[in-house]
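Q: Enclosed is the structure file structure07.txt (compact mmCIF, C-alpha atoms and all ligand atoms).
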# COMPACT_ATOMS: atom_id res chain seq x y z
CA MET A 117 -8.72 1.48 2.47
CA THR A 118 -7.20 -0.28 -0.51
CA GLU A 119 -8.01 -3.85 -1.54
CA ASN A 120 -4.70 -4.09 -3.34
CA LYS A 121 -2.03 -6.22 -1.64
CA ILE A 122 0.91 -4.20 -2.94
CA ILE A 123 -0.44 -0.82 -1.87
CA ALA A 124 -1.66 -2.24 1.47
CA HIS A 125 1.83 -3.63 2.07
CA PHE A 126 3.47 -0.28 1.28
CA ILE A 127 1.15 1.48 3.74
CA GLU A 128 2.02 -1.09 6.45
CA ASP A 129 5.70 -0.53 5.65
CA HIS A 130 5.31 3.23 6.21
CA LYS A 131 3.95 2.60 9.73
CA TYR A 132 6.75 0.12 10.35
CA TYR A 133 9.57 2.45 9.36
CA GLN A 134 8.08 5.52 11.06
CA ASN A 135 8.08 3.50 14.30
CA LEU A 136 11.57 2.24 13.64
CA PHE A 137 12.69 5.83 12.98
CA GLU A 138 11.40 6.91 16.41
CA ASN A 139 13.23 3.98 18.03
CA TYR A 140 16.38 4.93 16.17
CA ALA A 141 16.07 8.63 17.15
CA LYS A 142 15.75 7.68 20.84
CA ALA A 143 18.65 5.21 20.66
CA LYS A 144 20.91 7.67 18.84
CA LEU A 145 20.14 10.53 21.27
CA ARG A 146 20.95 8.27 24.25
CA SER A 147 23.98 6.75 22.45
CA ALA A 148 22.39 3.38 23.26
CA PRO A 149 24.48 0.25 22.53
CA ASN A 150 21.98 -0.96 19.89
CA THR A 151 22.07 2.31 17.88
CA THR A 152 24.02 0.81 14.96
CA ASP A 153 21.70 -2.21 14.72
CA VAL A 154 18.57 -0.05 14.69
CA TYR A 155 20.17 2.29 12.14
CA ASN A 156 21.05 -0.65 9.86
CA ASP A 157 17.52 -2.09 10.18
CA LEU A 158 15.97 1.27 9.38
CA ARG A 159 18.30 1.99 6.48
CA ASN A 160 17.78 -1.45 4.93
CA SER A 161 14.01 -1.35 5.29
CA ILE A 162 13.76 2.15 3.77
CA LYS A 163 16.07 1.12 0.90
CA ARG A 164 14.13 -2.02 0.17
CA HIS A 165 10.81 -0.16 0.32
CA SER A 166 12.04 2.60 -2.01
CA ASN A 167 13.42 0.06 -4.49
CA GLN A 168 10.12 -1.80 -4.55
CA GLU A 169 8.23 1.45 -5.07
CA GLU A 170 10.61 2.36 -7.86
CA VAL A 171 9.78 -0.88 -9.72
CA LEU A 172 6.08 -0.04 -9.48
CA TYR A 173 6.54 3.65 -10.34
CA SER A 174 8.63 2.97 -13.44
CA LYS A 175 6.26 0.24 -14.64
CA PHE A 176 3.19 2.47 -14.79
CA GLU A 177 4.42 6.00 -15.16
CA PRO A 178 1.45 8.42 -15.06
CA LYS A 179 0.63 10.65 -18.02
CA ASP A 180 -0.80 13.39 -15.83
CA ASP A 181 1.57 16.39 -15.37
CA GLU A 182 0.74 16.99 -11.72
CA LEU A 183 1.31 13.33 -10.85
CA LEU A 184 4.55 13.29 -12.83
CA LYS A 185 5.77 16.28 -10.83
CA ILE A 186 4.93 14.52 -7.55
CA LEU A 187 6.61 11.36 -8.78
CA ASP A 188 9.76 13.31 -9.57
CA GLU A 189 9.76 14.91 -6.08
CA VAL A 190 9.17 11.57 -4.39
CA ARG A 191 12.09 10.01 -6.27
CA GLN A 192 14.38 12.83 -5.17
CA GLU A 193 13.12 12.39 -1.60
CA HIS A 194 14.14 8.71 -1.66
CA ARG A 195 17.74 9.86 -2.04
CA LYS A 196 17.38 12.75 0.44
CA ILE A 197 15.91 10.46 3.12
CA THR A 198 18.85 8.03 2.97
CA ASN A 199 21.37 10.88 2.89
CA LEU A 200 19.79 12.61 5.90
CA LEU A 201 19.64 9.31 7.77
CA ASP A 202 23.37 8.82 7.16
CA ASP A 203 23.99 12.40 8.36
CA THR A 204 22.19 11.67 11.64
CA PHE A 205 24.27 8.53 12.16
CA GLU A 206 27.52 10.42 11.74
CA GLU A 207 26.49 13.47 13.80
CA GLU A 208 28.08 13.64 17.25
CA ASP A 209 26.84 17.06 18.39
CA GLU A 210 23.52 16.74 20.25
CA THR A 211 22.03 20.09 19.21
CA GLU A 212 22.87 19.52 15.55
CA LEU A 213 21.64 15.92 15.77
CA LYS A 214 18.23 17.08 17.05
CA VAL A 215 17.97 19.52 14.12
CA ILE A 216 18.72 16.83 11.51
CA LEU A 217 16.43 14.28 13.19
CA GLU A 218 13.56 16.80 13.09
CA LYS A 219 14.30 17.59 9.44
CA LEU A 220 14.21 13.87 8.61
CA ARG A 221 11.01 13.32 10.65
CA LYS A 222 9.28 16.10 8.67
CA LEU A 223 10.58 14.80 5.34
CA LEU A 224 9.35 11.27 6.11
CA THR A 225 5.89 12.61 6.98
CA LYS A 226 5.74 14.74 3.83
CA HIS A 227 6.98 11.85 1.67
CA ILE A 228 4.48 9.37 3.11
CA ASN A 229 1.62 11.85 2.70
CA SER A 230 2.50 12.51 -0.95
CA GLU A 231 2.57 8.80 -1.65
CA GLU A 232 -0.52 7.77 0.30
CA LYS A 233 -2.70 10.72 -0.70
CA LYS A 234 -1.56 11.41 -4.26
CA LEU A 235 0.42 8.58 -5.82
CA TYR A 236 -1.04 5.41 -4.33
CA PRO A 237 -4.64 6.21 -5.38
CA TYR A 238 -3.37 6.40 -8.96
CA PHE A 239 -1.39 3.13 -8.73
CA ASP A 240 -4.25 1.46 -6.88
CA ASP A 241 -6.47 2.27 -9.83
CA VAL A 242 -3.91 1.08 -12.41
CA LEU A 243 -3.17 -2.14 -10.51
CA SER A 244 -6.83 -3.08 -10.21
CA LYS A 245 -6.78 -3.45 -13.98
CA LYS A 246 -3.60 -5.55 -14.14
CA CYS A 247 -2.59 -8.99 -13.02
CA SER A 248 -1.39 -8.28 -9.50
CA ASP A 249 0.42 -11.59 -8.92
CA GLU A 250 2.76 -11.01 -11.82
CA ILE A 251 3.61 -7.55 -10.49
CA ILE A 252 4.20 -8.86 -6.94
CA ASP A 253 6.70 -11.25 -8.55
CA ASP A 254 8.42 -8.41 -10.44
CA ILE A 255 8.64 -6.30 -7.31
CA ASP A 256 10.11 -9.31 -5.48
CA MET A 257 7.62 -9.01 -2.62
CA TYR A 258 6.39 -12.60 -2.27
CA ASP A 259 8.13 -13.19 1.02
CA GLN A 260 6.49 -10.08 2.52
CA ILE A 261 2.87 -10.70 1.53
CA ASP A 262 0.61 -13.39 3.06
FE FE B 1 8.70 6.32 -1.12
FE FE B 2 6.70 4.71 0.50
What would you get if you wrote out this structure as structure tokens?
A:
Amino acid sequence: MTENKIIAHFIEDHKYYQNLFENYAKAKLRSAPNTTDVYNDLRNSIKRHSNQEEVLYSKFEPKDDELLKILDEVRQEHRKITNLLDDTFEEEDETELKVILEKLRKLLTKHINSEEKKLYPYFDDVLSKKCSDEIIDDIDMYDQID
């Protein structure tokens, strides 16, 4: 487990939006009255999280080729995740909706694994050598960290 506040917060965020995704999937499949609210919450929290990650990723871009490749994939996934989420919201056909929801569920799991297993260990290492408070300020995360 990381000692770093930024990485620890990102990992908490992953749990939060995976849960929110499951709530959204249930609401959307039942056409529940709160579907739009849950969708907006989920979309905003994923967007905010991805933007914060992007600040960190662009600040300390790795030199290692394998990590750079993963970073490139993860950045593309940020766009794909939001696009797929929007597709689910617009989809009216139940069979098709289930297919897209499953695709998005798998993509979220893959994305989170790439970040937590490959990228975060690198950034955790880099951040331990830098002044964390200044970076928290840059990432605009003060209101989210105790
Ligand atoms: Fe991400
Ligand atoms: Fe993430």
Q: Taking into account all atoms listed in the file, which residue in the set A:Gln192, A:Asp209, A:Lys219, A:Asp254 is nearest to ligand FE 1 (chain B)?
A: A:Gln192
Q: What residues have any atom no more than 9 Å from ligand FE 1 (chain B) when counting all atoms listed in the file, and can you list them as a compact mmCIF listing (two decimals) with C-alpha atoms, in the frame of the given file?
A:
# COMPACT_ATOMS: atom_id res chain seq x y z
CA PHE A 126 3.47 -0.28 1.28
CA HIS A 130 5.31 3.23 6.21
CA ILE A 162 13.76 2.15 3.77
CA HIS A 165 10.81 -0.16 0.32
CA SER A 166 12.04 2.60 -2.01
CA ASN A 167 13.42 0.06 -4.49
CA GLN A 168 10.12 -1.80 -4.55
CA GLU A 169 8.23 1.45 -5.07
CA GLU A 170 10.61 2.36 -7.86
CA VAL A 190 9.17 11.57 -4.39
CA ARG A 191 12.09 10.01 -6.27
CA GLU A 193 13.12 12.39 -1.60
CA HIS A 194 14.14 8.71 -1.66
CA LEU A 224 9.35 11.27 6.11
CA HIS A 227 6.98 11.85 1.67
CA ILE A 228 4.48 9.37 3.11
CA SER A 230 2.50 12.51 -0.95
CA GLU A 231 2.57 8.80 -1.65
Q: May I have the residues at most 12 Å from (25.6, 9.1, 11.3) in the file's coordinates, counting all atoms listed in the file, as JSON, numbers by chain?
A: {"A": [140, 141, 144, 145, 147, 151, 152, 155, 156, 159, 198, 199, 200, 201, 202, 203, 204, 205, 206, 207, 208, 209, 210, 212, 213, 216, 217]}
Q: Need the shell around Ile251 in chain A: protein/DNA/RNA residues with any atom at most 10 Å away, counting all atoms listed in the file. Skip same-chain ones fewer than 4 positions apart. Format as a PDB file with C-alpha atoms, keeping the file's coordinate frame?
A:
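Result file is part_30.pdb:
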ATOM      1  CA  ILE A 122       0.910  -4.200  -2.940  1.00  0.00           C
ATOM      2  CA  VAL A 171       9.780  -0.880  -9.720  1.00  0.00           C
ATOM      3  CA  LEU A 172       6.080  -0.040  -9.480  1.00  0.00           C
ATOM      4  CA  LYS A 175       6.260   0.240 -14.640  1.00  0.00           C
ATOM      5  CA  LEU A 243      -3.170  -2.140 -10.510  1.00  0.00           C
ATOM      6  CA  LYS A 246      -3.600  -5.550 -14.140  1.00  0.00           C
ATOM      7  CA  CYS A 247      -2.590  -8.990 -13.020  1.00  0.00           C
ATOM      8  CA  ILE A 255       8.640  -6.300  -7.310  1.00  0.00           C
ATOM      9  CA  ASP A 256      10.110  -9.310  -5.480  1.00  0.00           C
ATOM     10  CA  MET A 257       7.620  -9.010  -2.620  1.00  0.00           C
TER      11      MET A 257
END
Q: Grab the CA of Glu119 in chain A to CA of Asp157 in chain A distance for me, in Å with one decimal place.
A: 28.1 Å
Q: Need the axis-aligned box for range 188-195 of chain A with 4 Å each side, so what are the centre and edges in Å to one decimal, as AutoDock Vina command-line options?
A:
--center_x 13.5 --center_y 11.8 --center_z -5.6 --size_x 16.6 --size_y 14.2 --size_z 16.0
Q: Return range 174-198 of chain A, completed with N, CA and C atoms, as a short mmCIF file (atom, residue, chain, number, x, y, z; two decimals), keeping the file's coordinate frame.
A:
data_model
loop_
_atom_site.label_atom_id
_atom_site.label_comp_id
_atom_site.auth_asym_id
_atom_site.auth_seq_id
_atom_site.Cartn_x
_atom_site.Cartn_y
_atom_site.Cartn_z
N SER A 174 8.10 2.92 -12.07
CA SER A 174 8.63 2.97 -13.44
C SER A 174 7.81 2.08 -14.38
N LYS A 175 7.08 1.13 -13.83
CA LYS A 175 6.26 0.24 -14.64
C LYS A 175 5.01 0.93 -15.19
N PHE A 176 4.44 1.81 -14.38
CA PHE A 176 3.19 2.47 -14.79
C PHE A 176 3.29 3.98 -14.63
N GLU A 177 4.24 4.57 -15.32
CA GLU A 177 4.42 6.00 -15.16
C GLU A 177 3.17 6.78 -15.59
N PRO A 178 2.69 7.70 -14.71
CA PRO A 178 1.45 8.42 -15.06
C PRO A 178 1.65 9.40 -16.22
N LYS A 179 0.57 9.69 -16.91
CA LYS A 179 0.63 10.65 -18.02
C LYS A 179 0.34 12.07 -17.51
N ASP A 180 -0.36 12.12 -16.40
CA ASP A 180 -0.80 13.39 -15.83
C ASP A 180 0.39 14.23 -15.32
N ASP A 181 0.43 15.53 -15.71
CA ASP A 181 1.57 16.39 -15.37
C ASP A 181 1.75 16.58 -13.86
N GLU A 182 0.64 16.78 -13.16
CA GLU A 182 0.74 16.99 -11.72
C GLU A 182 1.31 15.73 -11.03
N LEU A 183 0.81 14.59 -11.44
CA LEU A 183 1.31 13.33 -10.85
C LEU A 183 2.78 13.09 -11.20
N LEU A 184 3.15 13.45 -12.42
CA LEU A 184 4.55 13.29 -12.83
C LEU A 184 5.47 14.15 -11.97
N LYS A 185 4.99 15.36 -11.67
CA LYS A 185 5.77 16.28 -10.83
C LYS A 185 5.94 15.68 -9.42
N ILE A 186 4.86 15.15 -8.88
CA ILE A 186 4.93 14.52 -7.55
C ILE A 186 5.87 13.31 -7.57
N LEU A 187 5.77 12.55 -8.64
CA LEU A 187 6.61 11.36 -8.78
C LEU A 187 8.09 11.74 -8.79
N ASP A 188 8.39 12.83 -9.51
CA ASP A 188 9.76 13.31 -9.57
C ASP A 188 10.25 13.74 -8.17
N GLU A 189 9.41 14.47 -7.45
CA GLU A 189 9.76 14.91 -6.08
C GLU A 189 10.00 13.71 -5.16
N VAL A 190 9.09 12.75 -5.26
CA VAL A 190 9.17 11.57 -4.39
C VAL A 190 10.46 10.78 -4.65
N ARG A 191 10.83 10.71 -5.93
CA ARG A 191 12.09 10.01 -6.27
C ARG A 191 13.30 10.73 -5.69
N GLN A 192 13.27 12.07 -5.76
CA GLN A 192 14.38 12.83 -5.17
C GLN A 192 14.40 12.64 -3.66
N GLU A 193 13.20 12.58 -3.06
CA GLU A 193 13.12 12.39 -1.60
C GLU A 193 13.70 11.05 -1.18
N HIS A 194 13.56 10.01 -2.01
CA HIS A 194 14.14 8.71 -1.66
C HIS A 194 15.64 8.86 -1.40
N ARG A 195 16.30 9.64 -2.24
CA ARG A 195 17.74 9.86 -2.04
C ARG A 195 17.99 10.73 -0.81
N LYS A 196 17.20 11.82 -0.69
CA LYS A 196 17.38 12.75 0.44
C LYS A 196 17.19 12.04 1.79
N ILE A 197 16.20 11.16 1.86
CA ILE A 197 15.91 10.46 3.12
C ILE A 197 17.12 9.62 3.55
N THR A 198 17.69 8.86 2.62
CA THR A 198 18.85 8.03 2.97
C THR A 198 20.04 8.90 3.34
#
